[in-house]
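What follows is the content of my_file03.cif (mmCIF, C-alpha atoms and all ligand atoms).
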data_query
loop_
_atom_site.label_atom_id
_atom_site.label_comp_id
_atom_site.auth_asym_id
_atom_site.auth_seq_id
_atom_site.Cartn_x
_atom_site.Cartn_y
_atom_site.Cartn_z
CA MET A 262 0.00 0.00 0.00
CA SER A 263 1.22 3.54 -0.62
CA GLY A 264 -0.12 7.06 -0.62
CA PRO A 265 -1.71 8.96 2.24
CA VAL A 266 -1.94 7.12 5.48
CA THR A 267 -4.62 7.52 8.09
CA PRO A 268 -3.14 6.11 11.26
CA GLU A 269 -5.42 4.62 13.83
CA PRO A 270 -5.56 6.78 16.94
CA LEU A 271 -4.17 5.02 19.97
CA PRO A 272 -5.74 5.68 23.33
CA GLY A 273 -3.76 8.51 24.97
CA PRO A 274 -3.52 9.47 28.63
CA ALA A 275 -6.76 10.92 30.05
CA GLY A 276 -7.51 14.34 28.61
CA GLU A 277 -4.71 14.18 26.04
CA PRO A 278 -5.21 13.56 22.34
CA PRO A 279 -3.91 10.22 21.05
CA ARG A 280 -0.18 10.29 20.29
CA ILE A 281 -0.35 8.93 16.75
CA ALA A 282 -3.21 11.19 15.75
CA LEU A 283 -1.06 14.15 16.73
CA LYS A 284 1.92 12.92 14.78
CA ALA A 285 -0.14 12.14 11.69
CA GLY A 286 -0.58 15.89 11.28
CA GLY A 287 3.20 16.45 11.14
CA ARG A 288 4.47 18.02 7.96
CA PRO A 289 7.01 16.00 5.97
CA ILE A 290 10.52 16.78 7.18
CA LEU A 291 12.03 14.56 4.48
CA GLN A 292 10.63 13.46 1.14
CA VAL A 293 12.08 10.66 -0.98
CA GLU A 294 10.72 11.01 -4.50
CA ASP A 295 11.00 8.25 -7.08
CA ILE A 296 14.50 7.20 -5.98
CA SER A 297 16.38 4.49 -7.85
CA LEU A 298 19.86 3.28 -6.96
CA SER A 299 21.75 0.61 -8.89
CA PHE A 300 25.04 -1.15 -8.28
CA GLY A 301 26.02 -2.39 -11.74
CA GLY A 302 23.07 -4.48 -12.85
CA LEU A 303 21.59 -4.76 -9.38
CA LYS A 304 18.76 -2.42 -8.43
CA ALA A 305 19.10 -1.81 -4.70
CA LEU A 306 16.27 0.76 -4.80
CA ASP A 307 13.59 0.85 -7.47
CA ARG A 308 11.48 4.01 -7.74
CA VAL A 309 10.96 4.39 -4.00
CA ASN A 310 8.67 7.12 -2.68
CA LEU A 311 8.21 7.89 0.98
CA GLU A 312 8.09 10.71 3.46
CA ILE A 313 9.28 11.07 7.01
CA ARG A 314 6.95 13.30 9.03
CA GLU A 315 8.02 15.73 11.68
CA GLY A 316 7.83 14.22 15.16
CA GLU A 317 7.20 10.61 14.20
CA ILE A 318 9.12 7.38 14.73
CA LEU A 319 9.14 5.61 11.38
CA ALA A 320 10.31 2.02 10.97
CA ILE A 321 11.82 0.81 7.72
CA ILE A 322 11.60 -2.96 7.55
CA GLY A 323 12.09 -5.69 4.98
CA PRO A 324 13.95 -8.96 4.47
CA ASN A 325 17.74 -9.08 4.12
CA GLY A 326 18.95 -7.30 0.99
CA ALA A 327 15.65 -5.43 0.59
CA GLY A 328 17.43 -2.07 0.25
CA LYS A 329 16.94 -0.62 3.76
CA THR A 330 20.56 0.40 4.37
CA SER A 331 20.83 1.64 0.78
CA LEU A 332 17.86 3.91 1.45
CA LEU A 333 19.55 5.34 4.56
CA ASN A 334 22.76 5.75 2.60
CA VAL A 335 20.95 7.74 -0.08
CA ILE A 336 19.18 9.91 2.50
CA SER A 337 22.44 10.63 4.32
CA GLY A 338 24.40 11.41 1.14
CA VAL A 339 26.70 8.35 1.17
CA TYR A 340 25.29 7.36 -2.23
CA HIS A 341 23.68 9.57 -4.83
CA PRO A 342 20.72 7.99 -6.64
CA GLN A 343 20.67 7.59 -10.41
CA GLN A 344 17.06 8.74 -10.41
CA GLY A 345 14.72 10.75 -8.22
CA ARG A 346 15.25 13.43 -5.62
CA ILE A 347 15.36 14.00 -1.89
CA LEU A 348 13.86 17.03 -0.20
CA PHE A 349 14.78 17.99 3.35
CA GLU A 350 12.50 20.63 4.85
CA GLY A 351 11.26 21.29 1.34
CA GLN A 352 14.73 21.90 -0.17
CA ASP A 353 16.20 19.63 -2.84
CA ARG A 354 19.45 18.20 -1.54
CA THR A 355 19.72 15.03 -3.60
CA ARG A 356 23.40 15.60 -4.41
CA PHE A 357 24.54 16.72 -0.96
CA ARG A 358 27.54 14.97 0.54
CA PRO A 359 27.34 13.37 4.00
CA HIS A 360 28.89 16.31 5.91
CA ALA A 361 26.47 18.74 4.26
CA VAL A 362 23.54 16.48 5.14
CA ALA A 363 24.82 16.31 8.73
CA ASN A 364 25.14 20.08 8.88
CA GLN A 365 21.50 20.36 7.88
CA GLY A 366 20.47 18.41 10.97
CA VAL A 367 20.47 14.75 9.95
CA ALA A 368 22.46 12.29 12.12
CA ARG A 369 22.77 8.57 11.71
CA THR A 370 24.17 5.38 13.17
CA PHE A 371 25.55 2.48 11.16
CA GLN A 372 24.60 -1.17 10.85
CA ASN A 373 28.21 -2.12 11.65
CA LEU A 374 29.10 0.59 14.18
CA GLY A 375 30.95 3.73 13.11
CA LEU A 376 32.92 4.52 16.28
CA PHE A 377 36.60 5.22 16.97
CA ARG A 378 37.47 2.11 18.94
CA ALA A 379 40.67 3.39 20.55
CA MET A 380 39.02 6.59 21.75
CA THR A 381 37.06 6.88 24.99
CA VAL A 382 33.28 7.16 25.15
CA LEU A 383 33.61 10.85 25.96
CA GLU A 384 35.94 11.48 23.01
CA ASN A 385 33.62 9.61 20.65
CA LEU A 386 30.68 11.67 21.79
CA MET A 387 32.70 14.85 21.32
CA THR A 388 33.14 13.95 17.63
CA GLY A 389 29.36 14.26 17.40
CA ARG A 390 29.77 17.97 18.24
CA LYS A 391 32.08 18.63 15.28
CA LYS A 392 29.54 20.64 13.32
CA PHE A 393 29.17 23.14 16.17
CA ILE A 394 32.84 24.10 16.13
CA ARG A 395 33.91 26.62 13.52
CA THR A 396 37.63 25.88 13.36
CA ASN A 397 39.46 22.60 13.66
CA PHE A 398 38.64 21.61 17.20
CA PHE A 399 41.10 18.76 17.30
CA LEU A 400 44.02 21.08 16.52
CA GLN A 401 42.58 23.85 18.67
CA ALA A 402 42.10 21.60 21.62
CA MET A 403 45.86 21.35 22.05
CA PHE A 404 45.98 25.00 23.08
CA TRP A 405 44.50 26.98 25.94
CA GLY A 406 42.37 30.09 25.55
CA PRO A 407 39.38 30.33 23.25
CA ALA A 408 39.82 26.70 22.34
CA GLN A 409 39.41 25.68 25.94
CA LYS A 410 36.21 27.70 26.24
CA ALA A 411 34.83 26.09 23.09
CA GLU A 412 35.65 22.67 24.44
CA ILE A 413 33.94 23.36 27.76
CA GLU A 414 30.77 24.45 25.97
CA GLN A 415 30.70 21.35 23.81
CA ARG A 416 31.53 19.16 26.75
CA GLU A 417 28.57 20.40 28.76
CA ARG A 418 26.22 19.19 26.05
CA VAL A 419 28.03 15.88 25.81
CA GLU A 420 27.78 15.40 29.57
CA GLN A 421 24.01 15.87 29.26
CA ILE A 422 23.90 13.11 26.65
CA ILE A 423 26.01 10.86 28.90
CA ASP A 424 23.53 11.50 31.67
CA PHE A 425 20.57 10.88 29.35
CA LEU A 426 21.96 7.48 28.32
CA GLY A 427 23.15 6.49 31.80
CA ILE A 428 26.75 5.87 30.72
CA GLU A 429 28.62 7.96 33.31
CA HIS A 430 30.49 4.91 34.54
CA ILE A 431 32.12 4.24 31.15
CA ARG A 432 32.83 7.79 30.03
CA LYS A 433 36.63 7.34 30.21
CA VAL A 434 36.66 3.80 28.82
CA PRO A 435 37.98 3.09 25.29
CA VAL A 436 34.98 2.14 23.16
CA GLY A 437 36.66 -0.93 21.68
CA THR A 438 36.77 -2.61 25.09
CA LEU A 439 33.02 -2.29 25.70
CA PRO A 440 30.43 -5.01 25.09
CA TYR A 441 28.71 -4.70 21.71
CA GLY A 442 25.38 -3.58 23.17
CA MET A 443 27.07 -0.75 25.04
CA GLN A 444 28.94 0.31 21.89
CA LYS A 445 25.60 0.59 20.11
CA ARG A 446 24.39 2.82 22.93
CA VAL A 447 27.49 5.02 22.60
CA GLU A 448 26.91 5.32 18.87
CA LEU A 449 23.37 6.47 19.57
CA GLY A 450 24.89 9.01 21.97
CA ARG A 451 27.24 10.32 19.33
CA ALA A 452 24.34 10.82 16.93
CA LEU A 453 22.32 12.58 19.66
CA ALA A 454 25.30 14.83 20.44
CA ALA A 455 24.86 16.32 16.97
CA GLU A 456 21.41 17.57 18.09
CA PRO A 457 19.74 16.36 14.91
CA LYS A 458 16.29 17.22 13.69
CA LEU A 459 16.17 13.84 11.97
CA LEU A 460 17.90 10.75 13.36
CA LEU A 461 18.47 7.70 11.16
CA LEU A 462 19.22 4.45 12.99
CA ASP A 463 20.38 1.34 11.13
CA GLU A 464 19.51 -1.67 13.30
CA PRO A 465 20.15 0.04 16.64
CA MET A 466 19.33 -3.15 18.55
CA ALA A 467 21.08 -5.77 16.45
CA GLY A 468 22.86 -8.34 18.59
CA MET A 469 21.33 -7.14 21.84
CA ASN A 470 19.64 -9.16 24.55
CA LEU A 471 16.10 -8.39 25.65
CA GLU A 472 17.11 -6.08 28.48
CA GLU A 473 19.45 -4.08 26.25
CA LYS A 474 16.71 -3.80 23.63
CA GLU A 475 14.30 -2.46 26.23
CA ASP A 476 16.87 0.14 27.29
CA ILE A 477 17.53 1.30 23.73
CA SER A 478 13.78 1.38 23.00
CA ARG A 479 13.32 3.68 26.00
CA PHE A 480 16.14 5.98 24.84
CA ILE A 481 14.67 6.15 21.34
CA LEU A 482 11.23 6.99 22.71
CA ASP A 483 12.70 9.62 25.05
CA ALA A 484 14.78 11.15 22.25
CA ASN A 485 11.58 11.42 20.25
CA GLU A 486 9.27 12.64 22.98
CA GLU A 487 11.56 14.66 25.24
CA LEU A 488 14.13 15.95 22.76
CA GLY A 489 11.61 16.28 19.92
CA ILE A 490 13.75 14.39 17.40
CA THR A 491 12.11 12.79 14.37
CA ILE A 492 13.39 9.24 13.97
CA ALA A 493 13.58 6.71 11.14
CA LEU A 494 14.93 3.34 12.14
CA ILE A 495 15.66 0.05 10.47
CA GLU A 496 14.87 -2.87 12.72
CA HIS A 497 14.28 -6.59 12.34
CA ASP A 498 12.69 -7.18 15.74
CA MET A 499 8.97 -6.88 15.06
CA GLY A 500 8.11 -6.67 18.75
CA VAL A 501 10.16 -3.50 19.04
CA VAL A 502 8.86 -2.10 15.76
CA MET A 503 5.23 -2.65 16.69
CA ASP A 504 5.80 -1.22 20.18
CA ILE A 505 7.64 2.01 19.51
CA CYS A 506 6.94 3.05 15.93
CA ASP A 507 4.11 5.24 14.68
CA ARG A 508 4.35 4.10 11.08
CA ILE A 509 6.09 1.39 9.09
CA VAL A 510 7.46 1.38 5.55
CA VAL A 511 8.20 -2.03 4.06
CA LEU A 512 10.79 -2.64 1.35
CA ASP A 513 11.22 -5.81 -0.65
CA TYR A 514 13.69 -6.27 -3.51
CA GLY A 515 14.29 -2.51 -3.57
CA SER A 516 10.61 -1.54 -3.90
CA LYS A 517 8.25 -0.15 -1.31
CA ILE A 518 5.47 -2.69 -0.84
CA ALA A 519 3.62 -1.19 2.14
CA ASP A 520 3.37 2.00 4.19
CA GLY A 521 1.06 2.39 7.16
CA PRO A 522 0.44 2.11 10.89
CA PRO A 523 1.67 -1.05 12.69
CA ALA A 524 -1.77 -2.62 13.03
CA GLU A 525 -2.26 -2.41 9.27
CA ILE A 526 1.22 -3.58 8.31
CA ARG A 527 1.19 -6.71 10.44
CA ASN A 528 -1.82 -8.00 8.50
CA HIS A 529 -0.81 -6.67 5.09
CA PRO A 530 -0.90 -9.56 2.58
CA ASP A 531 2.12 -8.30 0.57
CA VAL A 532 4.20 -7.95 3.73
CA ILE A 533 3.31 -11.43 4.90
CA ARG A 534 4.10 -12.76 1.45
CA ALA A 535 7.49 -11.00 1.41
CA TYR A 536 8.46 -12.52 4.73
CA LEU A 537 6.85 -15.90 4.49
CA GLY A 538 7.48 -16.47 0.81
CA THR A 539 3.95 -17.68 0.33
CA THR A 540 0.88 -16.65 -1.59
CA ASP A 541 -1.22 -17.47 1.44
CA ASP A 542 -2.82 -14.25 2.68
CA GLN A 543 -3.42 -15.51 6.20
CA PRO A 544 -1.94 -13.34 8.96
CA PRO A 545 1.02 -14.83 10.85
CA PRO A 546 0.49 -16.71 14.07
CA ALA A 547 0.03 -14.20 16.93
CA SER A 548 2.21 -16.26 19.21
CA ALA A 549 5.27 -16.20 16.95
CA THR A 550 8.42 -14.76 18.51
CA GLY A 551 11.84 -13.66 17.29
CA ASP A 552 13.49 -11.47 14.69
CA ILE A 553 12.81 -11.15 11.01
CA THR A 554 16.18 -11.54 9.42
CA ASP A 555 16.44 -13.90 6.56
CA ARG A 556 14.68 -14.63 3.31
CA ALA A 557 16.11 -18.13 3.48
CA GLY A 558 14.41 -18.71 6.81
CA ARG A 559 11.02 -17.54 5.79
CA ALA A 560 9.86 -20.60 3.87
CA GLY A 561 9.53 -22.47 7.12
CA GLY A 562 6.89 -20.01 8.30
CA GLY A 563 7.16 -17.94 11.44
CA PRO A 564 7.67 -14.23 10.91
CA ILE A 565 6.09 -11.67 11.15
CA GLU A 566 7.38 -12.24 14.62
CA GLU A 567 7.21 -10.45 17.89
CA THR A 568 9.28 -10.62 21.00
N1 LIG A 601 28.11 -0.89 -2.10
C1 LIG A 601 27.44 -1.87 -2.70
N2 LIG A 601 27.91 -2.45 -3.81
C2 LIG A 601 27.21 -3.45 -4.42
N3 LIG A 601 26.02 -3.90 -4.01
C3 LIG A 601 25.50 -3.36 -2.91
C4 LIG A 601 26.18 -2.32 -2.19
N4 LIG A 601 25.40 -1.95 -1.13
C5 LIG A 601 24.31 -2.73 -1.18
N5 LIG A 601 24.37 -3.58 -2.23
C6 LIG A 601 23.36 -4.55 -2.62
O1 LIG A 601 22.12 -3.89 -2.64
C7 LIG A 601 21.09 -4.72 -2.12
C8 LIG A 601 20.43 -4.02 -0.94
O2 LIG A 601 21.39 -3.99 0.11
P1 LIG A 601 21.10 -3.29 1.50
O3 LIG A 601 22.36 -3.36 2.28
O4 LIG A 601 20.52 -1.96 1.25
O5 LIG A 601 20.00 -4.27 2.12
P2 LIG A 601 19.34 -4.28 3.57
O6 LIG A 601 17.87 -4.24 3.37
O7 LIG A 601 19.96 -3.23 4.41
O8 LIG A 601 19.72 -5.73 4.10
P3 LIG A 601 20.12 -6.26 5.59
O9 LIG A 601 18.82 -6.49 6.32
O10 LIG A 601 20.83 -7.54 5.31
O11 LIG A 601 20.99 -5.23 6.23
C9 LIG A 601 21.75 -6.04 -1.75
O12 LIG A 601 21.56 -6.93 -2.82
C10 LIG A 601 23.20 -5.68 -1.60
O13 LIG A 601 24.04 -6.76 -1.87
MG MG A 602 21.11 -3.21 6.12
#
Rewrite the structure from the file as structure tokens, please.
Ligand SMILES: Nc1ncnc2c1ncn2[C@@H]1O[C@H](COP(=O)(O)OP(=O)(O)OP(=O)(O)O)[C@@H](O)[C@H]1O
Ligand SMILES: [Mg+2]
Amino acid sequence: MSGPVTPEPLPGPAGEPPRIALKAGGRPILQVEDISLSFGGLKALDRVNLEIREGEILAIIGPNGAGKTSLLNVISGVYHPQQGRILFEGQDRTRFRPHAVANQGVARTFQNLGLFRAMTVLENLMTGRKKFIRTNFFLQAMFWGPAQKAEIEQRERVEQIIDFLGIEHIRKVPVGTLPYGMQKRVELGRALAAEPKLLLLDEPMAGMNLEEKEDISRFILDANEELGITIALIEHDMGVVMDICDRIVVLDYGSKIADGPPAEIRNHPDVIRAYLGTTDDQPPPASATGDITDRAGRAGGGPIEET
């Protein structure tokens, strides 16, 4: 399904309007228009259209190789599409490079972590502040004076992020020595340190246990609700997706096959077909658990799965 979406209102706290109904009114902060991206003969993205609306948490899901990371790479300027355009806050910035995209207020994390392993947590988070420093902070930081003042200002913000993520105890620890789940949390912190308007997360919970997933889910929700950051995330864990996301876009073989609120997507025949590899339009068993990860695994039945 594509086109305008009318999300189902969820019951909100007494006296407050439902959360999703509020977000549905958000204007598009980012528009992806008719994007195609090929690697040689392989079409990673095939005429994809979607929008990310101000204030929402959008999930981008799909089987392995569906084009999810490619889509994030195009949005963040890592790749430039052969066709189509990308508008951010109404401005065409299809050919922007990653640093220019970042300067506009888009931050991201990577599927395979993009941290400096030998640097401490604090130092990694400071790299997230780069765009706020006019001259070369890393050279400047060797000298006292104005450079010191600039560092103190940036550091205050970073300390707030450290507090927000509850990682005070590891602030001086080299990132490479931390457990994987904690590294993912630090990477989220670095992206938050950039104070983005739009945050793109590529599998922020991959490889995490249930408790770690719950923690990251809470941080994502808080970043959205308390810091007002619009979020688009790629995630295979359908339990998490259904719990925290306002809307879901589904990719399969580079094409968008569905776009709508969680309740609609979980029963969408094309989505079930993409995951189960069947023409049977029956919804998946409600009791199924686990992650959606692999086309190869879908023939046995199981996903769409929830934890
Ligand atoms: N740099 C590249 N060069 C060549 N092919 C690529 C490149 N990046 C992605 N692809 C191909 O594009 C297709 C989409 O890949 P992509 O990484 O976007 O999928 P994905 O949905 O993120 O999958 P996963 O869930 O496994 O992370 C795949 O067939 C992949 O092999
Ligand atoms: Mg990927």
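Residues of protein, DNA or RNA lying at most 8 Å from ligand LIG 601 (chain A), when all atoms listed in the file are considered, are A:Ser299, A:Phe300, A:Gly301, A:Leu303, A:Lys304, A:Ala305, A:Leu306, A:Ile322, A:Gly323, A:Pro324, A:Asn325, A:Gly326, A:Ala327, A:Gly328, A:Lys329, A:Thr330, A:Ser331, A:Leu332, A:Gln372, A:His497, A:Leu512, A:Asp513, A:Tyr514, A:Gly515, A:Thr554, A:Asp555.
Between CA of Ala411 in chain A and CA of Glu448 in chain A the interatomic distance comes to 22.6 Å.
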* Taking into account all atoms listed in the file, which residue in the set A:Leu439, A:Leu348, A:Val419, A:Ile321 is nearest to Ala379 in chain A? -> A:Leu439
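Atom to atom, CA of Leu386 in chain A and CA of Arg418 in chain A stand 9.7 Å apart.
The shell of residues at most 12 Å from Leu482 in chain A, with all atoms listed in the file counted and near chain neighbours (fewer than 3 positions) removed, consists of Gly316, Glu317, Ile318, Leu319, Glu475, Asp476, Ile477, Ser478, Arg479, Asn485, Glu486, Glu487, Leu488, Gly489, Ile490, Thr491, Ile492, Ala493, Leu494, Val501, Val502, Asp504, Ile505, Cys506 and Asp507 of chain A.
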